[in-house]
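A quick write-up on the structure given underneath.
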Amino acid sequence: MRKIIYSLVSIGIFAACAKEKVGAPNFEVSTTSLTYKAGDSVKFKISGNPDNLMFYSGEQGHKYEFRKRDSADNDLQIEFKSLVQFGLIYQNLQVLVSNDFNGKADTPSVKAATWTDISSKATFSAGKDSVSSGLISLKPYVNAQKPSSLIYVAFRYTDYKKAQGQNRWVIRTFSANNIAPDGTVTPMAVMSTGGWQQVNFKNTAFVWSLSAAQLLMPSSAATADDNEDWAISKGFDPTYIKQDVGTALKNISTVLPEYGYVFTQPGTYKVVFEGSSVRYNGEQRTTREVTLTITP
């Protein structure tokens, strides 16, 4: 009987706790002024004691309203550095892009895709090392009907049998970045993370050598047959953007009556503090905003 009573009491207590609603965090944030100079320490006075507190400064990459943003109308930009040497030096390297390539490194897949030659937008080496292509915008090649369709970048090498032999090309560096309308830069790849694959069309004796450091097409002798080889990157989502993040200031085990922060650049910033109460039976969140003007 005593065990039954204890069980009933436990059930009653659990049921009562389950019915309790999680309370909304109750706190306020204030500053002595709404205008500060760049480099000044801004003191935020915090009254109340939320279980958890996050801080969003309002600076680029730290805006509360963009904490869940994962896509934007970006400009996907690439840049690379190249070197050509040996044999007959001429423009036999192309850079192309596709938004319908299936990602498979085989000749039927490459042939089935639609490739746009954007070589005219790049500067290539004519003998000097590490010649920068300049920034190349790939926004014009985004699929208008499916903006999130992946864009692939390819380097296509072609050469033919001739007395001077075939030349050597090296892609020294590569970078791809998404640039959001607000200027947020989301790195998409560098050479070592480009996911490069090589596809051979002609002459299996000379193919792209892919490494974390560079892409290399070796030179060949006068006896070498005609050659065509592709080095193709992984696909890039032109709409992807990294989410803005806040700074965790406290948890349930700490008390924070004041927080200091320094804005280094002039501007107007919407600062947001997010307090949260998180329990087994739910959660509640409350925000407090302070708009500050930072002068030079």
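For the structure tokens, the naming scheme is as follows: chains receive sequential letters (A, B, ...) according to their order of presentation, residues are indexed from 1 within each chain, and ligands are indexed from 1 in presentation order.
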Contacts of Ala163 in chain A at 12 Å (only C-alpha atoms; same-chain gap of 4+ positions) as a PyMOL selection string: chain A and resi 87-88+167+220-225
With N, CA and C atoms retained, export the selected residues as a compact mmCIF listing (two decimals), in the first residue's frame.
```txt
# COMPACT_ATOMS: atom_id res chain seq x y z
N GLY A 87 57.39 24.43 -74.76
CA GLY A 87 56.70 24.22 -76.03
C GLY A 87 56.29 25.53 -76.66
N LEU A 88 55.26 25.49 -77.47
CA LEU A 88 54.71 26.68 -78.10
C LEU A 88 53.72 27.32 -77.13
N ASN A 167 52.73 22.46 -74.48
CA ASN A 167 53.16 23.27 -73.34
C ASN A 167 52.62 22.76 -72.01
N SER A 220 54.76 17.97 -73.00
CA SER A 220 55.07 16.71 -73.67
C SER A 220 56.01 16.95 -74.84
N ALA A 221 56.58 15.87 -75.35
CA ALA A 221 57.55 15.96 -76.45
C ALA A 221 56.85 16.10 -77.79
N ALA A 222 57.65 16.31 -78.83
CA ALA A 222 57.09 16.51 -80.18
C ALA A 222 56.34 15.29 -80.69
N THR A 223 56.65 14.14 -80.11
CA THR A 223 56.00 12.90 -80.58
C THR A 223 54.63 12.67 -79.94
N ALA A 224 54.25 13.51 -78.98
CA ALA A 224 52.99 13.29 -78.25
C ALA A 224 51.78 13.53 -79.15
N ASP A 225 50.79 12.70 -78.99
CA ASP A 225 49.55 12.83 -79.76
C ASP A 225 48.71 14.01 -79.26
```
Selection near range 115-128 of chain A, 7 Å with only C-alpha atoms, sequence-local residues under 3 positions removed, as a PyMOL selection string: chain A and resi 82-85+89+94-98+131-134+136
Would you write out those residues with all heavy atoms, as a short mmCIF file (atom, residue, chain, number, x, y, z; two decimals), in the first residue's frame?
```
data_model
loop_
_atom_site.label_atom_id
_atom_site.label_comp_id
_atom_site.auth_asym_id
_atom_site.auth_seq_id
_atom_site.Cartn_x
_atom_site.Cartn_y
_atom_site.Cartn_z
N SER A 82 47.76 31.63 -62.79
CA SER A 82 48.23 30.61 -63.72
C SER A 82 49.67 30.84 -64.17
O SER A 82 50.23 31.93 -64.03
CB SER A 82 47.31 30.56 -64.95
OG SER A 82 47.37 31.78 -65.68
N LEU A 83 50.24 29.77 -64.74
CA LEU A 83 51.57 29.80 -65.35
C LEU A 83 51.56 28.91 -66.58
O LEU A 83 51.03 27.78 -66.52
CB LEU A 83 52.63 29.28 -64.36
CG LEU A 83 53.99 28.89 -64.97
CD1 LEU A 83 54.73 30.13 -65.49
CD2 LEU A 83 54.84 28.14 -63.96
N VAL A 84 52.12 29.40 -67.70
CA VAL A 84 52.32 28.56 -68.87
C VAL A 84 53.79 28.63 -69.25
O VAL A 84 54.42 29.68 -69.15
CB VAL A 84 51.43 29.00 -70.06
CG1 VAL A 84 51.77 30.41 -70.53
CG2 VAL A 84 51.55 28.01 -71.22
N GLN A 85 54.35 27.49 -69.67
CA GLN A 85 55.76 27.46 -70.07
C GLN A 85 56.01 26.24 -70.96
O GLN A 85 55.18 25.34 -71.06
CB GLN A 85 56.68 27.41 -68.83
CG GLN A 85 56.40 26.26 -67.90
CD GLN A 85 57.20 26.31 -66.61
OE1 GLN A 85 56.92 25.58 -65.71
NE2 GLN A 85 58.20 27.16 -66.50
N ILE A 89 54.05 28.52 -76.66
CA ILE A 89 53.18 29.19 -75.69
C ILE A 89 52.08 29.93 -76.44
O ILE A 89 52.35 30.86 -77.20
CB ILE A 89 53.99 30.15 -74.80
CG1 ILE A 89 54.94 29.33 -73.91
CG2 ILE A 89 53.06 31.00 -73.94
CD1 ILE A 89 55.82 30.17 -73.01
N GLN A 94 41.30 26.95 -71.45
CA GLN A 94 40.03 27.66 -71.32
C GLN A 94 39.47 27.46 -69.91
O GLN A 94 39.77 26.45 -69.25
CB GLN A 94 39.00 27.10 -72.31
CG GLN A 94 39.34 27.26 -73.78
CD GLN A 94 38.40 26.43 -74.63
OE1 GLN A 94 38.56 25.21 -74.74
NE2 GLN A 94 37.40 27.07 -75.23
N VAL A 95 38.67 28.41 -69.46
CA VAL A 95 37.90 28.24 -68.23
C VAL A 95 36.42 28.30 -68.63
O VAL A 95 36.00 29.19 -69.37
CB VAL A 95 38.26 29.30 -67.17
CG1 VAL A 95 38.04 30.72 -67.65
CG2 VAL A 95 37.47 29.05 -65.89
N LEU A 96 35.67 27.31 -68.17
CA LEU A 96 34.26 27.19 -68.53
C LEU A 96 33.41 26.96 -67.28
O LEU A 96 33.93 26.51 -66.24
CB LEU A 96 34.04 26.03 -69.51
CG LEU A 96 34.90 25.99 -70.76
CD1 LEU A 96 36.08 25.04 -70.57
CD2 LEU A 96 34.09 25.55 -71.97
N VAL A 97 32.11 27.23 -67.39
CA VAL A 97 31.20 27.00 -66.27
C VAL A 97 29.94 26.29 -66.78
O VAL A 97 29.56 26.43 -67.95
CB VAL A 97 30.80 28.31 -65.55
CG1 VAL A 97 32.01 28.95 -64.89
CG2 VAL A 97 30.13 29.28 -66.51
N SER A 98 29.32 25.54 -65.88
CA SER A 98 28.08 24.84 -66.22
C SER A 98 27.16 24.83 -65.01
O SER A 98 27.63 24.68 -63.87
CB SER A 98 28.36 23.40 -66.64
OG SER A 98 27.15 22.67 -66.83
N VAL A 131 50.14 34.64 -62.63
CA VAL A 131 49.36 35.75 -63.21
C VAL A 131 47.91 35.62 -62.74
O VAL A 131 47.27 34.57 -62.91
CB VAL A 131 49.43 35.72 -64.74
CG1 VAL A 131 48.49 36.77 -65.34
CG2 VAL A 131 50.86 35.96 -65.20
N SER A 132 47.40 36.69 -62.15
CA SER A 132 46.04 36.66 -61.62
C SER A 132 45.02 36.80 -62.74
O SER A 132 45.16 37.63 -63.63
CB SER A 132 45.84 37.78 -60.60
OG SER A 132 44.48 37.84 -60.19
N SER A 133 44.00 36.00 -62.65
CA SER A 133 42.90 36.06 -63.62
C SER A 133 42.07 37.32 -63.44
O SER A 133 41.37 37.75 -64.36
CB SER A 133 41.99 34.85 -63.46
OG SER A 133 41.36 34.88 -62.18
N GLY A 134 42.13 37.88 -62.23
CA GLY A 134 41.20 38.94 -61.85
C GLY A 134 39.91 38.30 -61.34
O GLY A 134 39.67 37.10 -61.56
N ILE A 136 36.24 37.16 -61.32
CA ILE A 136 35.28 36.83 -62.38
C ILE A 136 33.94 36.52 -61.73
O ILE A 136 33.82 35.62 -60.91
CB ILE A 136 35.75 35.61 -63.19
CG1 ILE A 136 37.15 35.84 -63.76
CG2 ILE A 136 34.77 35.30 -64.31
CD1 ILE A 136 37.77 34.59 -64.38
#
```
A:Thr264, A:Gln214, A:Thr158, A:Gln60 ranked by distance to Val185 in chain A, top pick (using only C-alpha atoms):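 Checking each of A:Thr264, A:Gln214, A:Thr158, A:Gln60 against Val185 in chain A, counting only C-alpha atoms, the winner is A:Gln60.
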Selected residue of minimal separation from Ala176 in chain A among A:Gly195, A:Gly260, A:Gly23, A:Gly282, counting only C-alpha atoms: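 For Ala176 in chain A, the nearest of the candidates is A:Gly195.
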Among listed residues A:Ser277, A:Thr107, A:Thr286, A:Asn26, nearest Asn251 in chain A (using only C-alpha atoms):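 Under the stated criterion, the closest residue is A:Ser277.
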Which residue of A:Asn227, A:Gln197, A:Gln91, A:Ser175 approaches Lys162 in chain A most closely, using only C-alpha atoms: A:Asn227
Strand (DSSP E or B) per DSSP on the backbone: members of range 23-264 of chain A, as a VMD selection string: chain A and resid 27 to 30 35 to 37 41 to 48 52 to 56 71 75 to 85 93 to 98 116 to 117 131 to 132 136 to 137 151 to 159 166 168 to 179 185 to 190 197 to 202 209 to 210 215 to 217 220 227 to 232 236 240 247 to 250 258 to 262
All helix (DSSP H, G or I) residues (DSSP, backbone) inside range 46-286 of chain A, as a list in words: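 Result set for range 46-286 of chain A (helix (DSSP H, G or I)): Tyr64, Glu65, Phe66, Thr107, Pro108, Ser109, Val110, Lys111, Ala112, Ser119, Ser120, Lys121, Lys139, Pro140, Tyr141, Met191, Ser192 and Thr193 of chain A.
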Shortest interatomic distance to Val170 in chain A - which of A:Phe80, A:Trp196, A:Tyr259, A:Tyr240, counting only C-alpha atoms: A:Phe80
Interatomic distance (Å, one decimal) between CA of Lys270 in chain A and CA of Ser47 in chain A: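 Interatomic distance, CA of Lys270 in chain A to CA of Ser47 in chain A: 19.3 Å.
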Neighbour list for Phe155 in chain A as a PDB file with all heavy atoms, in the first residue's frame, cut-off 9 Å, only C-alpha atoms, skip fewer than 2 positions in-chain:
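After the write, selection08.pdb holds the following:
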```pdb
ATOM      1  N   LEU A  93      44.390  27.078 -73.039  1.00  0.00           N
ATOM      2  CA  LEU A  93      43.679  26.732 -71.810  1.00  0.00           C
ATOM      3  C   LEU A  93      42.420  27.587 -71.738  1.00  0.00           C
ATOM      4  O   LEU A  93      42.463  28.795 -71.963  1.00  0.00           O
ATOM      5  CB  LEU A  93      44.552  26.992 -70.574  1.00  0.00           C
ATOM      6  CG  LEU A  93      43.925  26.558 -69.241  1.00  0.00           C
ATOM      7  CD1 LEU A  93      43.847  25.032 -69.153  1.00  0.00           C
ATOM      8  CD2 LEU A  93      44.707  27.122 -68.064  1.00  0.00           C
ATOM      9  N   GLN A  94      41.298  26.951 -71.446  1.00  0.00           N
ATOM     10  CA  GLN A  94      40.028  27.657 -71.315  1.00  0.00           C
ATOM     11  C   GLN A  94      39.472  27.457 -69.907  1.00  0.00           C
ATOM     12  O   GLN A  94      39.767  26.454 -69.250  1.00  0.00           O
ATOM     13  CB  GLN A  94      38.998  27.101 -72.308  1.00  0.00           C
ATOM     14  CG  GLN A  94      39.340  27.263 -73.775  1.00  0.00           C
ATOM     15  CD  GLN A  94      38.402  26.425 -74.628  1.00  0.00           C
ATOM     16  OE1 GLN A  94      38.561  25.213 -74.735  1.00  0.00           O
ATOM     17  NE2 GLN A  94      37.402  27.069 -75.234  1.00  0.00           N
ATOM     18  N   VAL A  95      38.667  28.410 -69.463  1.00  0.00           N
ATOM     19  CA  VAL A  95      37.897  28.244 -68.233  1.00  0.00           C
ATOM     20  C   VAL A  95      36.424  28.302 -68.625  1.00  0.00           C
ATOM     21  O   VAL A  95      35.997  29.189 -69.369  1.00  0.00           O
ATOM     22  CB  VAL A  95      38.260  29.301 -67.165  1.00  0.00           C
ATOM     23  CG1 VAL A  95      38.042  30.723 -67.655  1.00  0.00           C
ATOM     24  CG2 VAL A  95      37.470  29.052 -65.885  1.00  0.00           C
ATOM     25  N   LEU A  96      35.666  27.311 -68.169  1.00  0.00           N
ATOM     26  CA  LEU A  96      34.257  27.190 -68.531  1.00  0.00           C
ATOM     27  C   LEU A  96      33.413  26.962 -67.279  1.00  0.00           C
ATOM     28  O   LEU A  96      33.929  26.510 -66.238  1.00  0.00           O
ATOM     29  CB  LEU A  96      34.036  26.027 -69.507  1.00  0.00           C
ATOM     30  CG  LEU A  96      34.896  25.990 -70.764  1.00  0.00           C
ATOM     31  CD1 LEU A  96      36.079  25.042 -70.569  1.00  0.00           C
ATOM     32  CD2 LEU A  96      34.091  25.554 -71.973  1.00  0.00           C
ATOM     33  N   VAL A 153      33.019  24.738 -62.217  1.00  0.00           N
ATOM     34  CA  VAL A 153      34.070  25.453 -62.951  1.00  0.00           C
ATOM     35  C   VAL A 153      35.025  24.416 -63.537  1.00  0.00           C
ATOM     36  O   VAL A 153      35.418  23.467 -62.848  1.00  0.00           O
ATOM     37  CB  VAL A 153      34.841  26.408 -62.018  1.00  0.00           C
ATOM     38  CG1 VAL A 153      35.969  27.108 -62.789  1.00  0.00           C
ATOM     39  CG2 VAL A 153      33.900  27.432 -61.402  1.00  0.00           C
ATOM     40  N   TYR A 157      42.108  21.902 -71.169  1.00  0.00           N
ATOM     41  CA  TYR A 157      43.402  21.994 -71.865  1.00  0.00           C
ATOM     42  C   TYR A 157      43.307  21.245 -73.189  1.00  0.00           C
ATOM     43  O   TYR A 157      42.855  20.097 -73.242  1.00  0.00           O
ATOM     44  CB  TYR A 157      44.480  21.372 -70.989  1.00  0.00           C
ATOM     45  CG  TYR A 157      45.851  21.266 -71.637  1.00  0.00           C
ATOM     46  CD1 TYR A 157      46.816  22.245 -71.432  1.00  0.00           C
ATOM     47  CD2 TYR A 157      46.177  20.166 -72.431  1.00  0.00           C
ATOM     48  CE1 TYR A 157      48.087  22.129 -72.021  1.00  0.00           C
ATOM     49  CE2 TYR A 157      47.433  20.048 -73.021  1.00  0.00           C
ATOM     50  CZ  TYR A 157      48.388  21.034 -72.813  1.00  0.00           C
ATOM     51  OH  TYR A 157      49.632  20.928 -73.385  1.00  0.00           O
ATOM     52  N   ASP A 229      42.094  17.525 -72.048  1.00  0.00           N
ATOM     53  CA  ASP A 229      41.815  17.108 -70.671  1.00  0.00           C
ATOM     54  C   ASP A 229      41.087  18.217 -69.923  1.00  0.00           C
ATOM     55  O   ASP A 229      41.347  19.409 -70.134  1.00  0.00           O
ATOM     56  CB  ASP A 229      43.123  16.784 -69.937  1.00  0.00           C
ATOM     57  CG  ASP A 229      43.738  15.487 -70.414  1.00  0.00           C
ATOM     58  OD1 ASP A 229      43.283  14.428 -69.960  1.00  0.00           O
ATOM     59  OD2 ASP A 229      44.665  15.541 -71.255  1.00  0.00           O
ATOM     60  N   TRP A 230      40.186  17.806 -69.023  1.00  0.00           N
ATOM     61  CA  TRP A 230      39.406  18.730 -68.216  1.00  0.00           C
ATOM     62  C   TRP A 230      39.728  18.519 -66.736  1.00  0.00           C
ATOM     63  O   TRP A 230      39.865  17.381 -66.273  1.00  0.00           O
ATOM     64  CB  TRP A 230      37.915  18.508 -68.413  1.00  0.00           C
ATOM     65  CG  TRP A 230      37.372  18.785 -69.788  1.00  0.00           C
ATOM     66  CD1 TRP A 230      37.800  18.256 -70.975  1.00  0.00           C
ATOM     67  CD2 TRP A 230      36.283  19.646 -70.107  1.00  0.00           C
ATOM     68  NE1 TRP A 230      37.049  18.734 -72.018  1.00  0.00           N
ATOM     69  CE2 TRP A 230      36.099  19.580 -71.521  1.00  0.00           C
ATOM     70  CE3 TRP A 230      35.425  20.456 -69.361  1.00  0.00           C
ATOM     71  CZ2 TRP A 230      35.109  20.312 -72.170  1.00  0.00           C
ATOM     72  CZ3 TRP A 230      34.424  21.167 -70.009  1.00  0.00           C
ATOM     73  CH2 TRP A 230      34.276  21.108 -71.407  1.00  0.00           C
ATOM     74  N   ALA A 231      39.823  19.630 -66.005  1.00  0.00           N
ATOM     75  CA  ALA A 231      39.874  19.587 -64.538  1.00  0.00           C
ATOM     76  C   ALA A 231      38.630  20.335 -64.068  1.00  0.00           C
ATOM     77  O   ALA A 231      38.454  21.518 -64.376  1.00  0.00           O
ATOM     78  CB  ALA A 231      41.134  20.259 -64.013  1.00  0.00           C
ATOM     79  N   ILE A 232      37.759  19.640 -63.336  1.00  0.00           N
ATOM     80  CA  ILE A 232      36.446  20.190 -62.991  1.00  0.00           C
ATOM     81  C   ILE A 232      36.290  20.267 -61.478  1.00  0.00           C
ATOM     82  O   ILE A 232      36.578  19.310 -60.751  1.00  0.00           O
ATOM     83  CB  ILE A 232      35.310  19.325 -63.585  1.00  0.00           C
ATOM     84  CG1 ILE A 232      35.517  19.152 -65.089  1.00  0.00           C
ATOM     85  CG2 ILE A 232      33.951  19.942 -63.298  1.00  0.00           C
ATOM     86  CD1 ILE A 232      34.515  18.214 -65.741  1.00  0.00           C
ATOM     87  N   SER A 233      35.816  21.402 -61.005  1.00  0.00           N
ATOM     88  CA  SER A 233      35.633  21.624 -59.572  1.00  0.00           C
ATOM     89  C   SER A 233      34.369  20.935 -59.067  1.00  0.00           C
ATOM     90  O   SER A 233      33.557  20.426 -59.846  1.00  0.00           O
ATOM     91  CB  SER A 233      35.513  23.125 -59.280  1.00  0.00           C
ATOM     92  OG  SER A 233      34.236  23.603 -59.706  1.00  0.00           O
TER      93      SER A 233
END
```
One-decimal distance in Å that lies between CA of Lys43 in chain A and CA of Ser30 in chain A: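 These two atoms are separated by 8.5 Å.
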Polymer residues at most 10 Å from Phe55 in chain A, only C-alpha atoms, same-chain spacing of 2 or more positions, as a count of residues only: 20
Residues near Ser209 in chain A, cut-off 9 Å, only C-alpha atoms, skip fewer than 5 positions along chain, as a ChimeraX atom specification: /A:198,214-218,231
Given only C-alpha atoms as the counted atoms, nearest of A:Thr193, A:Ser253, A:Asn200, A:Thr184 to Val110 in chain A: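 Closest to Val110 in chain A, using only C-alpha atoms: A:Asn200.
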